[in-house]
$ cat entry.cif   # mmCIF, N, CA and C atoms
data_final
loop_
_atom_site.group_PDB
_atom_site.id
_atom_site.type_symbol
_atom_site.label_atom_id
_atom_site.label_comp_id
_atom_site.auth_asym_id
_atom_site.auth_seq_id
_atom_site.Cartn_x
_atom_site.Cartn_y
_atom_site.Cartn_z
ATOM 1 N N MET H 1 46.104 3.351 6.463
ATOM 2 C CA MET H 1 45.337 3.453 5.244
ATOM 3 C C MET H 1 44.259 2.383 5.186
ATOM 4 N N LYS H 2 44.602 1.143 5.570
ATOM 5 C CA LYS H 2 43.629 0.058 5.544
ATOM 6 C C LYS H 2 42.490 0.314 6.529
ATOM 7 N N LYS H 3 42.832 0.832 7.692
ATOM 8 C CA LYS H 3 41.835 1.084 8.719
ATOM 9 C C LYS H 3 40.790 2.078 8.217
ATOM 10 N N GLN H 4 41.232 3.090 7.504
ATOM 11 C CA GLN H 4 40.334 4.101 6.957
ATOM 12 C C GLN H 4 39.416 3.490 5.889
ATOM 13 N N SER H 5 39.928 2.591 5.060
ATOM 14 C CA SER H 5 39.125 1.932 4.029
ATOM 15 C C SER H 5 38.056 1.046 4.657
ATOM 16 N N ILE H 6 38.418 0.351 5.706
ATOM 17 C CA ILE H 6 37.460 -0.513 6.399
ATOM 18 C C ILE H 6 36.360 0.333 7.030
ATOM 19 N N GLN H 7 36.728 1.456 7.629
ATOM 20 C CA GLN H 7 35.734 2.340 8.228
ATOM 21 C C GLN H 7 34.787 2.896 7.163
ATOM 22 N N SER H 8 35.336 3.258 6.022
ATOM 23 C CA SER H 8 34.509 3.766 4.924
ATOM 24 C C SER H 8 33.539 2.700 4.436
ATOM 25 N N LEU H 9 34.018 1.474 4.349
ATOM 26 C CA LEU H 9 33.172 0.363 3.926
ATOM 27 C C LEU H 9 32.050 0.127 4.928
ATOM 28 N N ILE H 10 32.366 0.174 6.202
ATOM 29 C CA ILE H 10 31.352 -0.015 7.248
ATOM 30 C C ILE H 10 30.286 1.078 7.163
ATOM 31 N N VAL H 11 30.706 2.310 6.983
ATOM 32 C CA VAL H 11 29.764 3.426 6.868
ATOM 33 C C VAL H 11 28.877 3.244 5.639
ATOM 34 N N ALA H 12 29.475 2.863 4.503
ATOM 35 C CA ALA H 12 28.708 2.655 3.272
ATOM 36 C C ALA H 12 27.684 1.537 3.449
ATOM 37 N N LEU H 13 28.087 0.435 4.059
ATOM 38 C CA LEU H 13 27.161 -0.677 4.293
ATOM 39 C C LEU H 13 26.034 -0.274 5.233
ATOM 40 N N ALA H 14 26.355 0.496 6.259
ATOM 41 C CA ALA H 14 25.336 0.964 7.203
ATOM 42 C C ALA H 14 24.316 1.846 6.492
ATOM 43 N N LEU H 15 24.795 2.724 5.616
ATOM 44 C CA LEU H 15 23.882 3.590 4.860
ATOM 45 C C LEU H 15 22.987 2.774 3.926
ATOM 46 N N LEU H 16 23.555 1.793 3.249
ATOM 47 C CA LEU H 16 22.759 0.942 2.370
ATOM 48 C C LEU H 16 21.715 0.168 3.155
ATOM 49 N N TRP H 17 22.095 -0.376 4.289
ATOM 50 C CA TRP H 17 21.164 -1.137 5.113
ATOM 51 C C TRP H 17 20.030 -0.245 5.603
ATOM 52 N N THR H 18 20.348 0.964 6.061
ATOM 53 C CA THR H 18 19.339 1.904 6.547
ATOM 54 C C THR H 18 18.409 2.311 5.429
ATOM 55 N N THR H 19 18.939 2.636 4.269
ATOM 56 C CA THR H 19 18.129 3.028 3.125
ATOM 57 C C THR H 19 17.209 1.897 2.716
ATOM 58 N N GLY H 20 17.704 0.701 2.681
ATOM 59 C CA GLY H 20 16.889 -0.454 2.308
ATOM 60 C C GLY H 20 15.762 -0.694 3.274
ATOM 61 N N SER H 21 15.997 -0.519 4.561
ATOM 62 C CA SER H 21 14.940 -0.749 5.539
ATOM 63 C C SER H 21 13.850 0.311 5.430
ATOM 64 N N TRP H 22 14.223 1.549 5.102
ATOM 65 C CA TRP H 22 13.210 2.581 4.911
ATOM 66 C C TRP H 22 12.395 2.314 3.666
ATOM 67 N N ALA H 23 13.022 1.855 2.615
ATOM 68 C CA ALA H 23 12.321 1.624 1.352
ATOM 69 C C ALA H 23 11.279 0.536 1.483
ATOM 70 N N ALA H 24 11.530 -0.446 2.326
ATOM 71 C CA ALA H 24 10.599 -1.558 2.466
ATOM 72 C C ALA H 24 9.593 -1.328 3.591
ATOM 73 N N ALA H 25 9.598 -0.156 4.205
ATOM 74 C CA ALA H 25 8.774 0.102 5.376
ATOM 75 C C ALA H 25 7.282 0.097 5.054
ATOM 76 N N SER H 26 6.880 0.675 3.972
ATOM 77 C CA SER H 26 5.473 0.789 3.619
ATOM 78 C C SER H 26 5.159 -0.054 2.393
ATOM 79 N N MET H 27 3.876 -0.393 2.262
ATOM 80 C CA MET H 27 3.430 -1.187 1.109
ATOM 81 C C MET H 27 2.326 -0.446 0.375
ATOM 82 N N GLN H 28 2.186 -0.787 -0.899
ATOM 83 C CA GLN H 28 1.106 -0.242 -1.705
ATOM 84 C C GLN H 28 0.317 -1.409 -2.297
ATOM 85 N N TYR H 29 -0.978 -1.356 -2.118
ATOM 86 C CA TYR H 29 -1.879 -2.376 -2.667
ATOM 87 C C TYR H 29 -2.674 -1.763 -3.805
ATOM 88 N N THR H 30 -2.734 -2.487 -4.920
ATOM 89 C CA THR H 30 -3.538 -2.068 -6.066
ATOM 90 C C THR H 30 -4.618 -3.114 -6.255
ATOM 91 N N MET H 31 -5.876 -2.682 -6.139
ATOM 92 C CA MET H 31 -7.007 -3.604 -6.234
ATOM 93 C C MET H 31 -7.889 -3.271 -7.422
ATOM 94 N N ARG H 32 -8.303 -4.310 -8.116
ATOM 95 C CA ARG H 32 -9.246 -4.158 -9.217
ATOM 96 C C ARG H 32 -10.638 -4.389 -8.638
ATOM 97 N N VAL H 33 -11.539 -3.452 -8.930
ATOM 98 C CA VAL H 33 -12.881 -3.495 -8.360
ATOM 99 C C VAL H 33 -13.901 -3.143 -9.435
ATOM 100 N N ASP H 34 -14.961 -3.943 -9.527
ATOM 101 C CA ASP H 34 -16.044 -3.650 -10.465
ATOM 102 C C ASP H 34 -17.145 -2.869 -9.758
ATOM 103 N N GLY H 35 -17.774 -1.963 -10.505
ATOM 104 C CA GLY H 35 -18.925 -1.244 -9.987
ATOM 105 C C GLY H 35 -18.655 0.182 -9.561
ATOM 106 N N LEU H 36 -17.413 0.609 -9.596
ATOM 107 C CA LEU H 36 -17.090 1.993 -9.236
ATOM 108 C C LEU H 36 -17.492 2.895 -10.400
ATOM 109 N N ALA H 37 -18.484 3.761 -10.175
ATOM 110 C CA ALA H 37 -19.009 4.530 -11.294
ATOM 111 C C ALA H 37 -19.007 6.042 -11.096
ATOM 112 N N CYS H 38 -18.922 6.495 -9.850
ATOM 113 C CA CYS H 38 -19.048 7.937 -9.625
ATOM 114 C C CYS H 38 -18.170 8.387 -8.455
ATOM 115 N N PRO H 39 -17.974 9.698 -8.337
ATOM 116 C CA PRO H 39 -17.164 10.210 -7.230
ATOM 117 C C PRO H 39 -17.733 9.829 -5.856
ATOM 118 N N TYR H 40 -19.047 9.724 -5.752
ATOM 119 C CA TYR H 40 -19.656 9.326 -4.483
ATOM 120 C C TYR H 40 -19.232 7.903 -4.115
ATOM 121 N N CYS H 41 -19.152 7.007 -5.128
ATOM 122 C CA CYS H 41 -18.662 5.632 -4.898
ATOM 123 C C CYS H 41 -17.231 5.675 -4.363
ATOM 124 N N ALA H 42 -16.414 6.484 -5.009
ATOM 125 C CA ALA H 42 -15.007 6.601 -4.610
ATOM 126 C C ALA H 42 -14.896 7.111 -3.175
ATOM 127 N N TYR H 43 -15.699 8.102 -2.837
ATOM 128 C CA TYR H 43 -15.664 8.655 -1.484
ATOM 129 C C TYR H 43 -16.052 7.596 -0.449
ATOM 130 N N GLY H 44 -17.067 6.811 -0.754
ATOM 131 C CA GLY H 44 -17.507 5.770 0.170
ATOM 132 C C GLY H 44 -16.427 4.728 0.414
ATOM 133 N N ILE H 45 -15.751 4.319 -0.644
ATOM 134 C CA ILE H 45 -14.672 3.332 -0.525
ATOM 135 C C ILE H 45 -13.497 3.932 0.246
ATOM 136 N N GLU H 46 -13.134 5.160 -0.074
ATOM 137 C CA GLU H 46 -12.038 5.824 0.642
ATOM 138 C C GLU H 46 -12.340 5.885 2.140
ATOM 139 N N LYS H 47 -13.569 6.231 2.467
ATOM 140 C CA LYS H 47 -13.970 6.353 3.867
ATOM 141 C C LYS H 47 -13.835 5.004 4.584
ATOM 142 N N LYS H 48 -14.297 3.913 3.957
ATOM 143 C CA LYS H 48 -14.205 2.576 4.559
ATOM 144 C C LYS H 48 -12.740 2.145 4.728
ATOM 145 N N LEU H 49 -11.933 2.368 3.703
ATOM 146 C CA LEU H 49 -10.529 1.961 3.773
ATOM 147 C C LEU H 49 -9.752 2.778 4.803
ATOM 148 N N ASN H 50 -10.067 4.055 4.918
ATOM 149 C CA ASN H 50 -9.374 4.908 5.895
ATOM 150 C C ASN H 50 -9.704 4.541 7.339
ATOM 151 N N GLN H 51 -10.731 3.742 7.554
ATOM 152 C CA GLN H 51 -11.069 3.274 8.901
ATOM 153 C C GLN H 51 -10.145 2.146 9.352
ATOM 154 N N ILE H 52 -9.405 1.556 8.419
ATOM 155 C CA ILE H 52 -8.464 0.486 8.753
ATOM 156 C C ILE H 52 -7.201 1.115 9.321
ATOM 157 N N LYS H 53 -6.813 0.662 10.504
ATOM 158 C CA LYS H 53 -5.626 1.214 11.157
ATOM 159 C C LYS H 53 -4.387 0.980 10.288
ATOM 160 N N GLY H 54 -3.637 2.041 10.027
ATOM 161 C CA GLY H 54 -2.402 1.952 9.251
ATOM 162 C C GLY H 54 -2.552 2.362 7.798
ATOM 163 N N VAL H 55 -3.772 2.580 7.340
ATOM 164 C CA VAL H 55 -3.965 3.058 5.966
ATOM 165 C C VAL H 55 -3.557 4.527 5.935
ATOM 166 N N GLU H 56 -2.629 4.839 5.038
ATOM 167 C CA GLU H 56 -2.084 6.200 4.971
ATOM 168 C C GLU H 56 -2.649 7.026 3.824
ATOM 169 N N HIS H 57 -2.986 6.365 2.711
ATOM 170 C CA HIS H 57 -3.487 7.098 1.540
ATOM 171 C C HIS H 57 -4.319 6.169 0.674
ATOM 172 N N VAL H 58 -5.411 6.694 0.141
ATOM 173 C CA VAL H 58 -6.274 5.923 -0.758
ATOM 174 C C VAL H 58 -6.501 6.756 -2.014
ATOM 175 N N ASP H 59 -6.368 6.120 -3.171
ATOM 176 C CA ASP H 59 -6.622 6.779 -4.445
ATOM 177 C C ASP H 59 -7.508 5.861 -5.275
ATOM 178 N N VAL H 60 -8.589 6.406 -5.842
ATOM 179 C CA VAL H 60 -9.517 5.612 -6.638
ATOM 180 C C VAL H 60 -9.511 6.132 -8.070
ATOM 181 N N ASP H 61 -9.278 5.225 -9.028
ATOM 182 C CA ASP H 61 -9.340 5.556 -10.448
ATOM 183 C C ASP H 61 -10.635 4.954 -10.984
ATOM 184 N N LEU H 62 -11.658 5.785 -11.128
ATOM 185 C CA LEU H 62 -12.973 5.299 -11.554
ATOM 186 C C LEU H 62 -12.959 4.711 -12.965
ATOM 187 N N LYS H 63 -12.227 5.340 -13.873
ATOM 188 C CA LYS H 63 -12.193 4.867 -15.258
ATOM 189 C C LYS H 63 -11.593 3.473 -15.372
ATOM 190 N N LYS H 64 -10.546 3.199 -14.600
ATOM 191 C CA LYS H 64 -9.867 1.905 -14.676
ATOM 192 C C LYS H 64 -10.420 0.884 -13.678
ATOM 193 N N GLY H 65 -11.239 1.336 -12.725
ATOM 194 C CA GLY H 65 -11.757 0.431 -11.697
ATOM 195 C C GLY H 65 -10.663 -0.058 -10.766
ATOM 196 N N ILE H 66 -9.768 0.855 -10.403
ATOM 197 C CA ILE H 66 -8.623 0.506 -9.561
ATOM 198 C C ILE H 66 -8.654 1.339 -8.272
ATOM 199 N N VAL H 67 -8.361 0.675 -7.176
ATOM 200 C CA VAL H 67 -8.222 1.340 -5.887
ATOM 201 C C VAL H 67 -6.797 1.092 -5.416
ATOM 202 N N ILE H 68 -6.073 2.174 -5.126
ATOM 203 C CA ILE H 68 -4.689 2.075 -4.666
ATOM 204 C C ILE H 68 -4.646 2.512 -3.206
ATOM 205 N N VAL H 69 -4.061 1.657 -2.373
ATOM 206 C CA VAL H 69 -4.010 1.924 -0.938
ATOM 207 C C VAL H 69 -2.563 1.825 -0.455
ATOM 208 N N ASP H 70 -2.067 2.890 0.164
ATOM 209 C CA ASP H 70 -0.747 2.888 0.784
ATOM 210 C C ASP H 70 -0.939 2.645 2.275
ATOM 211 N N VAL H 71 -0.157 1.705 2.811
ATOM 212 C CA VAL H 71 -0.271 1.375 4.237
ATOM 213 C C VAL H 71 1.075 1.525 4.932
ATOM 214 N N ALA H 72 1.011 1.695 6.238
ATOM 215 C CA ALA H 72 2.210 1.843 7.060
ATOM 216 C C ALA H 72 2.917 0.508 7.226
ATOM 217 N N GLU H 73 4.132 0.584 7.715
ATOM 218 C CA GLU H 73 4.940 -0.600 7.981
ATOM 219 C C GLU H 73 4.186 -1.578 8.887
ATOM 220 N N GLY H 74 4.212 -2.836 8.515
ATOM 221 C CA GLY H 74 3.594 -3.880 9.323
ATOM 222 C C GLY H 74 2.119 -4.101 9.069
ATOM 223 N N VAL H 75 1.484 -3.246 8.288
ATOM 224 C CA VAL H 75 0.060 -3.397 7.989
ATOM 225 C C VAL H 75 -0.094 -4.262 6.746
ATOM 226 N N LYS H 76 -0.951 -5.271 6.845
ATOM 227 C CA LYS H 76 -1.198 -6.161 5.708
ATOM 228 C C LYS H 76 -2.685 -6.232 5.433
ATOM 229 N N LEU H 77 -3.046 -5.982 4.189
ATOM 230 C CA LEU H 77 -4.433 -6.140 3.762
ATOM 231 C C LEU H 77 -4.582 -7.539 3.195
ATOM 232 N N GLN H 78 -5.612 -8.234 3.627
ATOM 233 C CA GLN H 78 -5.843 -9.611 3.193
ATOM 234 C C GLN H 78 -6.946 -9.643 2.136
ATOM 235 N N PRO H 79 -6.819 -10.535 1.131
ATOM 236 C CA PRO H 79 -7.842 -10.629 0.089
ATOM 237 C C PRO H 79 -9.256 -10.859 0.641
ATOM 238 N N GLU H 80 -9.400 -11.738 1.621
ATOM 239 C CA GLU H 80 -10.732 -12.001 2.192
ATOM 240 C C GLU H 80 -11.304 -10.756 2.870
ATOM 241 N N GLN H 81 -10.447 -10.016 3.544
ATOM 242 C CA GLN H 81 -10.850 -8.770 4.202
ATOM 243 C C GLN H 81 -11.359 -7.770 3.158
ATOM 244 N N MET H 82 -10.639 -7.670 2.014
ATOM 245 C CA MET H 82 -11.026 -6.723 0.970
ATOM 246 C C MET H 82 -12.298 -7.183 0.247
ATOM 247 N N LYS H 83 -12.432 -8.491 0.006
ATOM 248 C CA LYS H 83 -13.661 -9.013 -0.612
ATOM 249 C C LYS H 83 -14.879 -8.599 0.203
ATOM 250 N N LYS H 84 -14.796 -8.777 1.510
ATOM 251 C CA LYS H 84 -15.915 -8.438 2.392
ATOM 252 C C LYS H 84 -16.167 -6.929 2.390
ATOM 253 N N LEU H 85 -15.108 -6.134 2.512
ATOM 254 C CA LEU H 85 -15.258 -4.686 2.538
ATOM 255 C C LEU H 85 -15.964 -4.184 1.280
ATOM 256 N N PHE H 86 -15.496 -4.643 0.111
ATOM 257 C CA PHE H 86 -16.092 -4.174 -1.141
ATOM 258 C C PHE H 86 -17.501 -4.730 -1.351
ATOM 259 N N LYS H 87 -17.721 -5.974 -0.965
ATOM 260 C CA LYS H 87 -19.066 -6.566 -1.093
ATOM 261 C C LYS H 87 -20.061 -5.816 -0.218
ATOM 262 N N ASP H 88 -19.675 -5.527 1.022
ATOM 263 C CA ASP H 88 -20.541 -4.780 1.931
ATOM 264 C C ASP H 88 -20.856 -3.380 1.401
ATOM 265 N N ALA H 89 -19.944 -2.822 0.599
ATOM 266 C CA ALA H 89 -20.143 -1.488 0.022
ATOM 267 C C ALA H 89 -20.882 -1.545 -1.316
ATOM 268 N N GLY H 90 -21.161 -2.769 -1.808
ATOM 269 C CA GLY H 90 -21.911 -2.907 -3.056
ATOM 270 C C GLY H 90 -21.055 -3.047 -4.303
ATOM 271 N N PHE H 91 -19.788 -3.392 -4.142
ATOM 272 C CA PHE H 91 -18.875 -3.527 -5.277
ATOM 273 C C PHE H 91 -18.322 -4.945 -5.334
ATOM 274 N N THR H 92 -17.687 -5.269 -6.449
ATOM 275 C CA THR H 92 -17.111 -6.598 -6.618
ATOM 276 C C THR H 92 -15.595 -6.505 -6.661
ATOM 277 N N TYR H 93 -14.965 -7.096 -5.664
ATOM 278 C CA TYR H 93 -13.506 -7.168 -5.584
ATOM 279 C C TYR H 93 -13.038 -8.222 -6.579
ATOM 280 N N ARG H 94 -12.028 -7.909 -7.397
ATOM 281 C CA ARG H 94 -11.509 -8.856 -8.394
ATOM 282 C C ARG H 94 -10.119 -9.389 -8.051
ATOM 283 N N SER H 95 -9.203 -8.499 -7.710
ATOM 284 C CA SER H 95 -7.834 -8.948 -7.440
ATOM 285 C C SER H 95 -7.079 -7.867 -6.672
ATOM 286 N N MET H 96 -5.895 -8.287 -6.163
ATOM 287 C CA MET H 96 -5.064 -7.349 -5.418
ATOM 288 C C MET H 96 -3.592 -7.692 -5.660
ATOM 289 N N GLU H 97 -2.804 -6.641 -5.917
ATOM 290 C CA GLU H 97 -1.356 -6.783 -6.040
ATOM 291 C C GLU H 97 -0.712 -5.942 -4.950
ATOM 292 N N ARG H 98 0.441 -6.400 -4.491
ATOM 293 C CA ARG H 98 1.139 -5.705 -3.410
ATOM 294 C C ARG H 98 2.572 -5.416 -3.846
ATOM 295 N N LYS H 99 3.046 -4.207 -3.527
ATOM 296 C CA LYS H 99 4.440 -3.864 -3.819
ATOM 297 C C LYS H 99 4.945 -2.878 -2.781
ATOM 298 N N PRO H 100 6.255 -2.929 -2.504
ATOM 299 C CA PRO H 100 6.830 -1.971 -1.543
ATOM 300 C C PRO H 100 6.825 -0.562 -2.117
ATOM 301 N N LEU H 101 6.683 0.411 -1.232
ATOM 302 C CA LEU H 101 6.765 1.814 -1.647
ATOM 303 C C LEU H 101 8.198 2.280 -1.634
#
$ encode --input "entry.cif" --output "structure tokens"
Amino acid sequence: MKKQSIQSLIVALALLWTTGSWAAASMQYTMRVDGLACPYCAYGIEKKLNQIKGVEHVDVDLKKGIVIVDVAEGVKLQPEQMKKLFKDAGFTYRSMERKPL
């Protein structure tokens, strides 16, 4: 009986560990950007961000001035990198938050 309980516990822990590693695999970055005014602006930013290796999805909210970027495991967007990208595109980068998907 004890052996079966230990095996069940091991299986449960393995499942929790596997689930946790998948949950932390990807990251989502939310950036505040000034100057986004039209769908053409959004398309230009999406195009630039999609050129970064590991970017999986880009969503632009023009009304809120927010750009949301989902990236693959191991990909990190740096504030200086984003400042330059947005400045080169004619926009002003304000801030960035990061959270696991």
$ atom_distance --input "entry.cif" --atom1 "atom N of Val75 of chain H" --atom2 "atom C of Cys38 of chain H"
28.3 Å
$ resolve_selection --input "entry.cif" --expression "the PyMOL selection byres (((chain H and resi 66 and name CA) around 7) and name CA)" --output "list in words"
Thr30, Met31, Arg32, Val33, Val60, Asp61, Leu62, Lys64, Gly65, Val67 and Ile68 of chain H
$ atom_distance --input "entry.cif" --atom1 "atom C of Lys99 of chain H" --atom2 "atom C of Met27 of chain H"
4.8 Å
$ residues_around --input "entry.cif" --residues "Lys53 of chain H" --least-positions-apart "6" --cutoff "12 Å" --atoms "only C-alpha atoms" --output "list of chain:residue names"
H:Asp70, H:Val71, H:Ala72, H:Glu73, H:Gly74, H:Val75, H:Lys76, H:Leu77
$ atom_distance --input "entry.cif" --atom1 "atom CA of Pro39 of chain H" --atom2 "atom CA of Asp59 of chain H"
11.4 Å
$ resolve_selection --input "entry.cif" --expression "the PyMOL selection byres ((chain H and resi 34) around 7)" --output "list in words"
Arg32, Val33, Gly35, Leu36, Ala37, Gly65, Gly90, Phe91, Thr92, Tyr93 and Arg94 of chain H
